[in-house]
Structures are given as C-alpha cells and as structure tokens.
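Heads up, the thing below is written out as structure tokens.
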Amino acid sequence: MSQRNFDFVIIGGGVVGLAIAREIKLRDKNKTVAVLEKESDLGLHASGRNSGVIHAGFYYSPDSLKAKLTRQGNVLLHEFLTEKNVAIKNVGKVVVTTNESQLNSLEELYQRGLANGVPLEIINEAELGELEPNTKTVNKALWSPSTSVADPKSLVTALKQDLEFLKVEILLSERVIEIENNSVKTEKSRYSYGHLINAAGLYADKIAHKLGFGLQYDMLPFKGLYWYAPKLKNTIHHHIYPVPDPRNPFLGVHLTVTVTGDIKIGPTAIPAFWREDYGSFANFKLPELFQVLADLPRFLVSPHHKAWSLVASEMPKYSRKYLVSQAKKLVPALDEKDFNKKGQIGVRAQLFDKKAKRLEMDFVVEADENSTHVLNAVSPAWTTSLSFAKHVVENYLKI
Ligand SMILES: Cc1cc2nc3c(=O)[nH]c(=O)nc-3n(C[C@H](O)[C@H](O)[C@H](O)COP(=O)(O)OP(=O)(O)OC[C@H]3O[C@@H](n4cnc5c(N)ncnc54)[C@H](O)[C@@H]3O)c2cc1C
C-alpha cells in the first residue's frame, strides 16, 4: 500500500472541499494539498445536483453564519464565474404570499435582508404583475434583484481547472475508510496529513465521528425531486418562491429558471431512507436505513419543528399532480401536463441533533489543531462555497 504525505488532506470533491483547497493554495502556494474523492469524478452529489440558484442572503437571521457568508458568497461567486466565462442568468427572484397571514413573515424576510446588506424591495401586486404577469400574491411581494442562476456543474468544472493550475492533487476513486495517527486510509493508499479537512457532504458526520467530533449529530437525508416543463421554456423570467415556514430549513416548492431558460418546479424535501437515495437501490446501505429509522421518530417528536406536518405535506409530493398543485398557488395558470420531464434528484445533507431533537439550521463547523469538519453544508452552501472557504481557512487553518 502506497503512502504519501500532504500539509492538507481534504475529504470530499464537492464545491466545499474544492473551494477550500483553492483558498489554501491562493494564500500559500507552497502548501501541499490533496483532495480525496470516493467517486470517479468530482461533484457527483449535491454540488452537481442542485438548483444552481445563487442566493442573495435574506432568509437568514443576521447573527447566523449563513447570513454572514451568503451576501459575500453571492458577490464572490458572480465575480469568479464571470472571470471564468461561465454563463450566469441574472433573473432575480420574487417571493410571493398565498394568504394575508404570511405578510408578517414577508416583512421579516425584508428586515433580515436589510440587516444582512442584501439589495431588496417590497413591491405591490401591480409591480409584481409587471415583473411576472401570471404570478399571484396577496397584497405584497418581495423582489430580490441579486438572486441569479448558473449551471451547478459549471462551478465544479471551473474550480477543478483552478486546482489543476494551482497543483492541488485531485485523487479520484479514493474512499476514506479509516483515520488514525494523522493519516487516512483508502482502499488503495494511505495519506498522512498536517491537517485534515472533512468536506464529505452526506458522510461528513461519519468522518467526524471517527475523530470524536459531532457525536450528537446524525445526517438525516431529505430528497429533492424536480419536474421540468419544456413547453414553458423562456415564458417565465424570474425565480418565483413562496414565503418559507421559518420552523423548517427548506424553502418550499418554487419555480426556477435555469441558465438555459428552462422552467422547473421543486425541489421537494421528502425524507430519504438512505443517503445516496437517487431513486434506485444502487447505493442502498442497510445500516443507513436503520439509522434513519432510529432518528425519524426523534425528529417527529421534535419541539422545534412541525415535523408531522412537514412529513405529511412532503410525502404527497412524490405525486407530480400534487407538486404542481403547490406550484399553482404561485402561478395559477400552470398545467400539470406541461411538467413532463423528471429532473435529477438531489439529497440534502441535513444535520440532525439527536439530543436536542433539532434539524440544524445554520452551517456547523467543528475543529481542533489537527482537523476541521464541515458538518452541515446545506443550502446555500453552493452559493457560499467561496466565502465559506475563506471563513474556514482564516478561522480554522489560520493561513
Ligand atoms: C435538491 C437540492 C437543491 C439545492 N439547491 C441549491 C441552490 O439552488 N443553491 C445553493 O446555494 N445550494 C443549493 N443546494 C445545496 C448545495 O448543493 C450544497 O450545500 C453543496 O453542494 C454542498 O457541497 P459539499 O461539497 O459540501 O457536498 P457534496 O457535493 O455532497 O460533496 C461531498 C463529496 O464528498 C465525497 N465523499 C463522501 N464520503 C467520502 C469518503 N469517505 N471518502 C472520499 N470522498 C467522500 C462525496 O462523494 C461527495 O462528492 C441544494 C441541495 C440540494 C440537495
């Protein structure tokens, strides 16, 4: 078995791991960095299976890490993708209400946006009509001009090109199975490290547990399904979102415009029974099913979320008819028959605190001098990949 040594070993070739590798090398080109990825290519999980929405940063409470990193991440990502000639569609986004009782929550989002330094406007029904004629709101809506969209995989490709130039070693088909004495073992090799960075997405909890971190957490995966309406291409020009339920970390069924002008609805937040549950049994693992079955009852009695109503409202979204009926609350003229192309499924690496019976809402990082663990890189961690990398490298790696 071969053995190599690096200053930094990063587990996970998604946007978080890749962006951290880039940031280390930009700050100190003499550091040796390796990214170990279990798959035969980069970005095959959440980083390549998301909506590609470049979020603005108005959802998050001003004291959260998400608030701090999303506005900055939005700006950095626009700059980076533009520099790399990657297409971005500056579509903006409207958040609409479906009843009077949501107006307070809409105002709360507006205030959060202001506190987070996000450009944002409250608009009336007539102004909404000018932006998106077929969209409905009750009285007011929110307009976010700095929300945009890009192809999620294009970011993975652009980061990969930078890493090759910066001489980061990208080691594919290298699944980390053991960690001991400052070295990680894969099926083929052993890599010793000065500092380990765990950016393993859906498996970040498992890696962290091996070093005694994040022991109160398990990953509770939630599946996101999408449906495309090819016939509607270029007929809707902005992302259209509902007001989210503040007790859940998910944003509700929305309509997004892709960078090529396609229209899709989703994603759902249906509990998944194993981590890489993409609709076939290819990556089924029995211990993961047992873990989900042990954690779900704890989640269902959570005092922090309306868990039963979340599950009860999400499960019917397996039905396309029901999913479209939810989207019709935003755009009444939608027709179920038009949404006839299934999108790629993505799974959220949602962290669950078993003791507190709570889904973690913010990003979670745990670290000591030997290792750093990115434990809850949920949405909008694709938007924040570059700002998150700066945060980790400055605060935990001290470079
Ligand atoms: C349905 C959906 C929609 C979303 N929409 C958006 C959006 O519009 N905008 C936004 O900003 N965010 C969005 N997100 C969130 C975003 O996709 C994620 O936050 C982000 O991609 C996380 O990146 P990551 O690098 O942490 O994880 P990942 O992309 O999952 O990367 C982790 C990598 O680690 C590897 N790995 C795991 N275990 C091991 C091991 N033992 N050894 C080696 N490698 C290992 C995996 O194979 C994987 O490639 C969405 C997520 C989902 C699921």
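In the structure tokens, the first chain shown is A, the next is B, and so on; residue numbers restart at 1 for each chain, and ligands run from 1 in the order shown.
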
What's the 12 Å shell around A:Asp63, counting only C-alpha atoms, without same-chain residues fewer than 2 positions away, as a CSV table (one decimal) with N, CA and C atoms, in the first residue's frame?
```
chain,number,residue,atom,x,y,z
A,59,TYR,N,-32.8,35.2,3.8
A,59,TYR,CA,-33.6,34.3,4.6
A,59,TYR,C,-33.0,34.2,6.0
A,60,TYR,N,-31.8,34.5,6.2
A,60,TYR,CA,-31.1,34.0,7.4
A,60,TYR,C,-31.0,35.1,8.5
A,61,SER,N,-31.2,34.6,9.7
A,61,SER,CA,-31.1,35.5,10.9
A,61,SER,C,-29.7,36.2,10.9
A,65,LEU,N,-24.2,32.3,10.6
A,65,LEU,CA,-23.1,32.1,9.7
A,65,LEU,C,-23.6,32.2,8.2
A,66,LYS,N,-24.8,31.7,8.0
A,66,LYS,CA,-25.4,31.7,6.7
A,66,LYS,C,-25.6,33.2,6.2
A,67,ALA,N,-26.0,34.0,7.2
A,67,ALA,CA,-26.2,35.5,6.8
A,67,ALA,C,-24.9,36.1,6.5
A,68,LYS,N,-23.9,35.8,7.3
A,68,LYS,CA,-22.6,36.4,7.1
A,68,LYS,C,-22.0,36.0,5.7
A,69,LEU,N,-22.2,34.7,5.4
A,69,LEU,CA,-21.4,34.2,4.2
A,69,LEU,C,-22.2,34.3,2.9
A,112,ARG,N,-34.7,41.1,7.5
A,112,ARG,CA,-33.4,40.3,7.6
A,112,ARG,C,-32.5,40.7,6.4
A,115,ALA,N,-30.8,43.9,7.2
A,115,ALA,CA,-29.8,43.7,8.2
A,115,ALA,C,-28.6,43.0,7.6
A,116,ASN,N,-28.8,42.1,6.6
A,116,ASN,CA,-27.7,41.4,6.0
A,116,ASN,C,-27.0,42.1,4.8
A,362,ASP,N,-28.2,26.3,10.7
A,362,ASP,CA,-27.0,27.1,10.3
A,362,ASP,C,-25.9,26.1,9.8
```

Exercise. When the cut-off is 7 Å and you count only C-alpha atoms and all ligand atoms, which residues lie near ligand 1, shown as a PyMOL selection string?
Worked result: chain A and resi 11-17+36-39+42-55+174-177+199-204+207+223-225+267+345-348+377-384

Exercise. Taking into account only C-alpha atoms, which residue in the set A:Phe6, A:Tyr217, A:Phe273, A:Tyr322 is nearest to A:Leu359?
Worked result: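 Using only C-alpha atoms, the shortest distance to A:Leu359 belongs to A:Tyr217.
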
For this session: Output as a PyMOL selection string all residues of stretch 244-392 of chain A that backbone DSSP marks as strand (DSSP E or B).
Result: chain A and resi 254-257+263-266+270-271+341-342+346-348+351-353+358-359+365-367+371-374

Exercise. For A:Phe213, which residue among A:Lys29, A:Arg275, A:Lys188, A:His373 is the nearest when counting only C-alpha atoms?
Worked result: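 Among the listed residues, A:His373 lies closest to A:Phe213.
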
For this session: Just the helix (DSSP H, G or I) stuff from stretch 140-266 of chain A, please, per backbone DSSP, written as a list of chain:residue names.
Result: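 Listing helix (DSSP H, G or I) positions across stretch 140-266 of chain A yields A:Pro152, A:Lys153, A:Ser154, A:Leu155, A:Val156, A:Thr157, A:Ala158, A:Leu159, A:Lys160, A:Gln161, A:Asp162, A:Leu163, A:Glu164, A:Phe165, A:Gly201, A:Leu202, A:Tyr203, A:Ala204, A:Asp205, A:Lys206, A:Ile207, A:Ala208, A:His209, A:Lys210, A:Pro230, A:Lys231, A:Leu232.
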
Write the residues of the selection above to a file with N, CA and C atoms, as a tab-separated table (two decimals), in the first residue's frame.
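Final file, result-v7.tsv:
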```tsv
chain	number	residue	atom	x	y	z
A	152	PRO	N	-25.05	24.24	-11.96
A	152	PRO	CA	-24.24	23.84	-10.79
A	152	PRO	C	-22.92	23.17	-11.17
A	153	LYS	N	-22.94	22.36	-12.22
A	153	LYS	CA	-21.69	21.62	-12.58
A	153	LYS	C	-20.62	22.57	-13.12
A	154	SER	N	-21.06	23.73	-13.65
A	154	SER	CA	-20.06	24.64	-14.23
A	154	SER	C	-19.13	25.18	-13.15
A	155	LEU	N	-19.64	25.30	-11.93
A	155	LEU	CA	-18.78	25.75	-10.83
A	155	LEU	C	-17.75	24.66	-10.48
A	156	VAL	N	-18.20	23.41	-10.47
A	156	VAL	CA	-17.29	22.30	-10.18
A	156	VAL	C	-16.15	22.30	-11.22
A	157	THR	N	-16.51	22.46	-12.48
A	157	THR	CA	-15.51	22.43	-13.56
A	157	THR	C	-14.54	23.60	-13.44
A	158	ALA	N	-15.09	24.80	-13.13
A	158	ALA	CA	-14.21	25.98	-13.02
A	158	ALA	C	-13.25	25.82	-11.84
A	159	LEU	N	-13.74	25.29	-10.73
A	159	LEU	CA	-12.86	25.08	-9.57
A	159	LEU	C	-11.79	24.05	-9.90
A	160	LYS	N	-12.20	22.99	-10.59
A	160	LYS	CA	-11.23	21.93	-10.95
A	160	LYS	C	-10.10	22.51	-11.80
A	161	GLN	N	-10.45	23.38	-12.75
A	161	GLN	CA	-9.40	23.97	-13.60
A	161	GLN	C	-8.41	24.78	-12.76
A	162	ASP	N	-8.93	25.56	-11.81
A	162	ASP	CA	-8.06	26.33	-10.93
A	162	ASP	C	-7.15	25.41	-10.11
A	163	LEU	N	-7.72	24.33	-9.60
A	163	LEU	CA	-6.94	23.42	-8.74
A	163	LEU	C	-5.81	22.76	-9.54
A	164	GLU	N	-6.10	22.43	-10.78
A	164	GLU	CA	-5.04	21.82	-11.61
A	164	GLU	C	-3.91	22.82	-11.81
A	165	PHE	N	-4.29	24.08	-12.08
A	165	PHE	CA	-3.29	25.13	-12.27
A	165	PHE	C	-2.48	25.35	-10.98
A	201	GLY	N	-19.80	15.99	2.78
A	201	GLY	CA	-21.22	16.11	2.43
A	201	GLY	C	-22.09	15.16	3.23
A	202	LEU	N	-22.75	14.25	2.54
A	202	LEU	CA	-23.69	13.31	3.19
A	202	LEU	C	-23.00	12.38	4.18
A	203	TYR	N	-21.66	12.26	4.10
A	203	TYR	CA	-20.94	11.39	5.03
A	203	TYR	C	-20.06	12.18	6.01
A	204	ALA	N	-20.27	13.49	6.09
A	204	ALA	CA	-19.41	14.31	6.96
A	204	ALA	C	-19.56	13.91	8.43
A	205	ASP	N	-20.76	13.50	8.84
A	205	ASP	CA	-20.95	13.08	10.24
A	205	ASP	C	-20.14	11.82	10.53
A	206	LYS	N	-20.15	10.87	9.59
A	206	LYS	CA	-19.43	9.60	9.80
A	206	LYS	C	-17.92	9.84	9.92
A	207	ILE	N	-17.40	10.71	9.04
A	207	ILE	CA	-15.96	11.02	9.10
A	207	ILE	C	-15.65	11.72	10.43
A	208	ALA	N	-16.49	12.68	10.81
A	208	ALA	CA	-16.26	13.43	12.06
A	208	ALA	C	-16.27	12.48	13.27
A	209	HIS	N	-17.22	11.55	13.28
A	209	HIS	CA	-17.32	10.63	14.43
A	209	HIS	C	-16.03	9.83	14.61
A	210	LYS	N	-15.36	9.52	13.51
A	210	LYS	CA	-14.12	8.72	13.61
A	210	LYS	C	-13.07	9.44	14.45
A	230	PRO	N	-40.76	21.54	-20.50
A	230	PRO	CA	-40.06	22.01	-21.71
A	230	PRO	C	-40.88	23.01	-22.51
A	231	LYS	N	-42.20	22.82	-22.51
A	231	LYS	CA	-43.07	23.72	-23.30
A	231	LYS	C	-43.02	25.17	-22.79
A	232	LEU	N	-42.70	25.32	-21.52
A	232	LEU	CA	-42.72	26.68	-20.93
A	232	LEU	C	-41.39	27.42	-21.05
```

Exercise. Could you name the residues that touch stretch 251-256 of chain A at 9 Å or less, counting only C-alpha atoms, but leaving out those on the same chain fewer than 2 positions away, as a ChimeraX atom specification?
Worked result: /A:51,53,93,149,236-246,248-249,258,262-269,323-324,326-327,330-331

Exercise. If we count only C-alpha atoms, what is near A:Glu366 at a cut-off of 10 Å, once residues fewer than 5 positions away on the same chain are taken out, given as a ChimeraX atom specification?
Worked result: /A:198,208,213-214,371-375,396

For the residues selected in the previous step, produce a file with C-alpha atoms as a PDB file, in the first residue's frame.
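Generated output (again.pdb):
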```pdb
ATOM      1  CA  ASN A 198     -13.696  16.898   6.268  1.00  0.00           C
ATOM      2  CA  ALA A 208     -16.264  13.431  12.057  1.00  0.00           C
ATOM      3  CA  PHE A 213     -16.325  15.257  16.546  1.00  0.00           C
ATOM      4  CA  GLY A 214     -20.042  15.933  16.094  1.00  0.00           C
ATOM      5  CA  SER A 371      -8.731  18.547  11.781  1.00  0.00           C
ATOM      6  CA  THR A 372     -11.693  20.683  10.643  1.00  0.00           C
ATOM      7  CA  HIS A 373     -15.166  19.245   9.997  1.00  0.00           C
ATOM      8  CA  VAL A 374     -17.774  20.944   7.814  1.00  0.00           C
ATOM      9  CA  LEU A 375     -20.881  19.311   9.209  1.00  0.00           C
ATOM     10  CA  TYR A 396      -9.610  27.318  11.492  1.00  0.00           C
TER      11      TYR A 396
END
```

Problem set entry | Non-local contacts of stretch 299-302 of chain A (9 Å; only C-alpha atoms; under 5 positions in same chain excluded) as a list in words | Ala307, Trp308, Val311, Phe352, Lys354, Ala356, Lys357, Arg358 and Leu359 of chain A

Output for the residues just chosen: all heavy atoms as a JSON list (two decimals), in the first residue's frame:
```json
[["chain", "number", "residue", "atom", "x", "y", "z"],
["A", 307, "ALA", "N", -42.83, 18.72, 12.72],
["A", 307, "ALA", "CA", -42.27, 17.63, 11.92],
["A", 307, "ALA", "C", -43.36, 16.80, 11.23],
["A", 307, "ALA", "O", -43.24, 16.46, 10.06],
["A", 307, "ALA", "CB", -41.39, 16.76, 12.79],
["A", 308, "TRP", "N", -44.44, 16.50, 11.99],
["A", 308, "TRP", "CA", -45.50, 15.68, 11.38],
["A", 308, "TRP", "C", -46.08, 16.39, 10.17],
["A", 308, "TRP", "O", -46.31, 15.79, 9.14],
["A", 308, "TRP", "CB", -46.63, 15.39, 12.39],
["A", 308, "TRP", "CG", -46.33, 14.18, 13.23],
["A", 308, "TRP", "CD1", -46.03, 14.17, 14.55],
["A", 308, "TRP", "CD2", -46.30, 12.82, 12.79],
["A", 308, "TRP", "NE1", -45.79, 12.88, 14.98],
["A", 308, "TRP", "CE2", -45.96, 12.02, 13.90],
["A", 308, "TRP", "CE3", -46.51, 12.17, 11.56],
["A", 308, "TRP", "CZ2", -45.83, 10.66, 13.84],
["A", 308, "TRP", "CZ3", -46.40, 10.79, 11.50],
["A", 308, "TRP", "CH2", -46.06, 10.04, 12.63],
["A", 311, "VAL", "N", -43.63, 16.23, 7.25],
["A", 311, "VAL", "CA", -43.62, 14.93, 6.57],
["A", 311, "VAL", "C", -44.95, 14.73, 5.81],
["A", 311, "VAL", "O", -44.96, 14.31, 4.65],
["A", 311, "VAL", "CB", -43.36, 13.79, 7.59],
["A", 311, "VAL", "CG1", -43.51, 12.43, 6.93],
["A", 311, "VAL", "CG2", -41.95, 13.94, 8.17],
["A", 352, "PHE", "N", -28.86, 16.48, 11.92],
["A", 352, "PHE", "CA", -29.89, 16.36, 12.95],
["A", 352, "PHE", "C", -29.20, 16.19, 14.30],
["A", 352, "PHE", "O", -28.35, 15.31, 14.47],
["A", 352, "PHE", "CB", -30.77, 15.13, 12.64],
["A", 352, "PHE", "CG", -31.85, 14.88, 13.65],
["A", 352, "PHE", "CD1", -32.85, 15.82, 13.88],
["A", 352, "PHE", "CD2", -31.88, 13.69, 14.37],
["A", 352, "PHE", "CE1", -33.85, 15.60, 14.81],
["A", 352, "PHE", "CE2", -32.88, 13.45, 15.30],
["A", 352, "PHE", "CZ", -33.86, 14.41, 15.52],
["A", 354, "LYS", "N", -29.33, 14.83, 17.67],
["A", 354, "LYS", "CA", -30.15, 13.78, 18.30],
["A", 354, "LYS", "C", -30.58, 14.15, 19.71],
["A", 354, "LYS", "O", -31.66, 13.82, 20.14],
["A", 354, "LYS", "CB", -29.34, 12.47, 18.38],
["A", 354, "LYS", "CG", -29.08, 11.84, 17.04],
["A", 354, "LYS", "CD", -28.28, 10.58, 17.17],
["A", 354, "LYS", "CE", -26.79, 10.89, 17.33],
["A", 354, "LYS", "NZ", -25.95, 9.71, 17.40],
["A", 356, "ALA", "N", -30.91, 17.31, 21.06],
["A", 356, "ALA", "CA", -31.87, 18.43, 21.09],
["A", 356, "ALA", "C", -33.09, 18.15, 20.21],
["A", 356, "ALA", "O", -34.04, 18.93, 20.23],
["A", 356, "ALA", "CB", -31.18, 19.71, 20.61],
["A", 357, "LYS", "N", -33.07, 17.05, 19.45],
["A", 357, "LYS", "CA", -34.15, 16.68, 18.51],
["A", 357, "LYS", "C", -34.42, 17.84, 17.54],
["A", 357, "LYS", "O", -35.57, 18.25, 17.35],
["A", 357, "LYS", "CB", -35.43, 16.31, 19.25],
["A", 357, "LYS", "CG", -35.30, 15.13, 20.20],
["A", 357, "LYS", "CD", -36.67, 14.70, 20.69],
["A", 357, "LYS", "CE", -36.63, 13.47, 21.56],
["A", 357, "LYS", "NZ", -36.06, 13.71, 22.88],
["A", 358, "ARG", "N", -33.34, 18.34, 16.95],
["A", 358, "ARG", "CA", -33.49, 19.54, 16.12],
["A", 358, "ARG", "C", -32.68, 19.41, 14.83],
["A", 358, "ARG", "O", -31.54, 18.94, 14.85],
["A", 358, "ARG", "CB", -32.96, 20.74, 16.93],
["A", 358, "ARG", "CG", -33.22, 22.08, 16.29],
["A", 358, "ARG", "CD", -32.66, 23.20, 17.14],
["A", 358, "ARG", "NE", -31.23, 23.06, 17.29],
["A", 358, "ARG", "CZ", -30.54, 23.35, 18.39],
["A", 358, "ARG", "NH1", -31.15, 23.79, 19.47],
["A", 358, "ARG", "NH2", -29.23, 23.19, 18.43],
["A", 359, "LEU", "N", -33.29, 19.84, 13.72],
["A", 359, "LEU", "CA", -32.52, 19.95, 12.47],
["A", 359, "LEU", "C", -31.68, 21.21, 12.60],
["A", 359, "LEU", "O", -32.21, 22.27, 12.94],
["A", 359, "LEU", "CB", -33.45, 20.10, 11.27],
["A", 359, "LEU", "CG", -34.42, 18.95, 10.98],
["A", 359, "LEU", "CD1", -35.33, 19.31, 9.81],
["A", 359, "LEU", "CD2", -33.67, 17.65, 10.68]]
```

For this session: Quick one: everything within 7 Å of A:Glu23, counting only C-alpha atoms, minus sequence neighbours fewer than 4 positions away in the same chain. Send it as number ranges by chain.
Result: A: 19, 27, 389-390

For this session: Find the residue from A:Glu79, A:Glu394, A:Asp368, A:Glu100 that sits nearest to A:Gly194; use only C-alpha atoms when measuring.
Result: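 Of A:Glu79, A:Glu394, A:Asp368, A:Glu100, the one nearest A:Gly194, counting only C-alpha atoms, is A:Asp368.
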
Problem set entry | Proximity to A:Asn376 - best of A:Asn283, A:Gln350, A:Thr82, A:Thr186, only C-alpha atoms |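 Answer, going by the shortest atom-to-atom distance: A:Gln350.
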
Exercise. Do you know which residues are at most 10 Å from A:Lys321 counting only C-alpha atoms, after dropping those on the same chain fewer than 6 positions away, and could you put them as a list in words?
Worked result: Asp335, Glu336, Lys337 and Phe339 of chain A

Exercise. Which residue gives the smallest distance to A:Gln291 among A:Met219, A:Ser309, A:Arg71, A:Asn234, with only C-alpha atoms counted?
Worked result: A:Met219

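Between atom CA of A:Ala229 and atom CA of A:Asn124 there is a distance of 27.9 Å.
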
For this session: Work out how far apart atom CA of A:Gly92 and atom CA of A:Ser144 are and give it in Å to one decimal.
Result: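 Straight-line distance from atom CA of A:Gly92 to atom CA of A:Ser144 works out to 5.5 Å.
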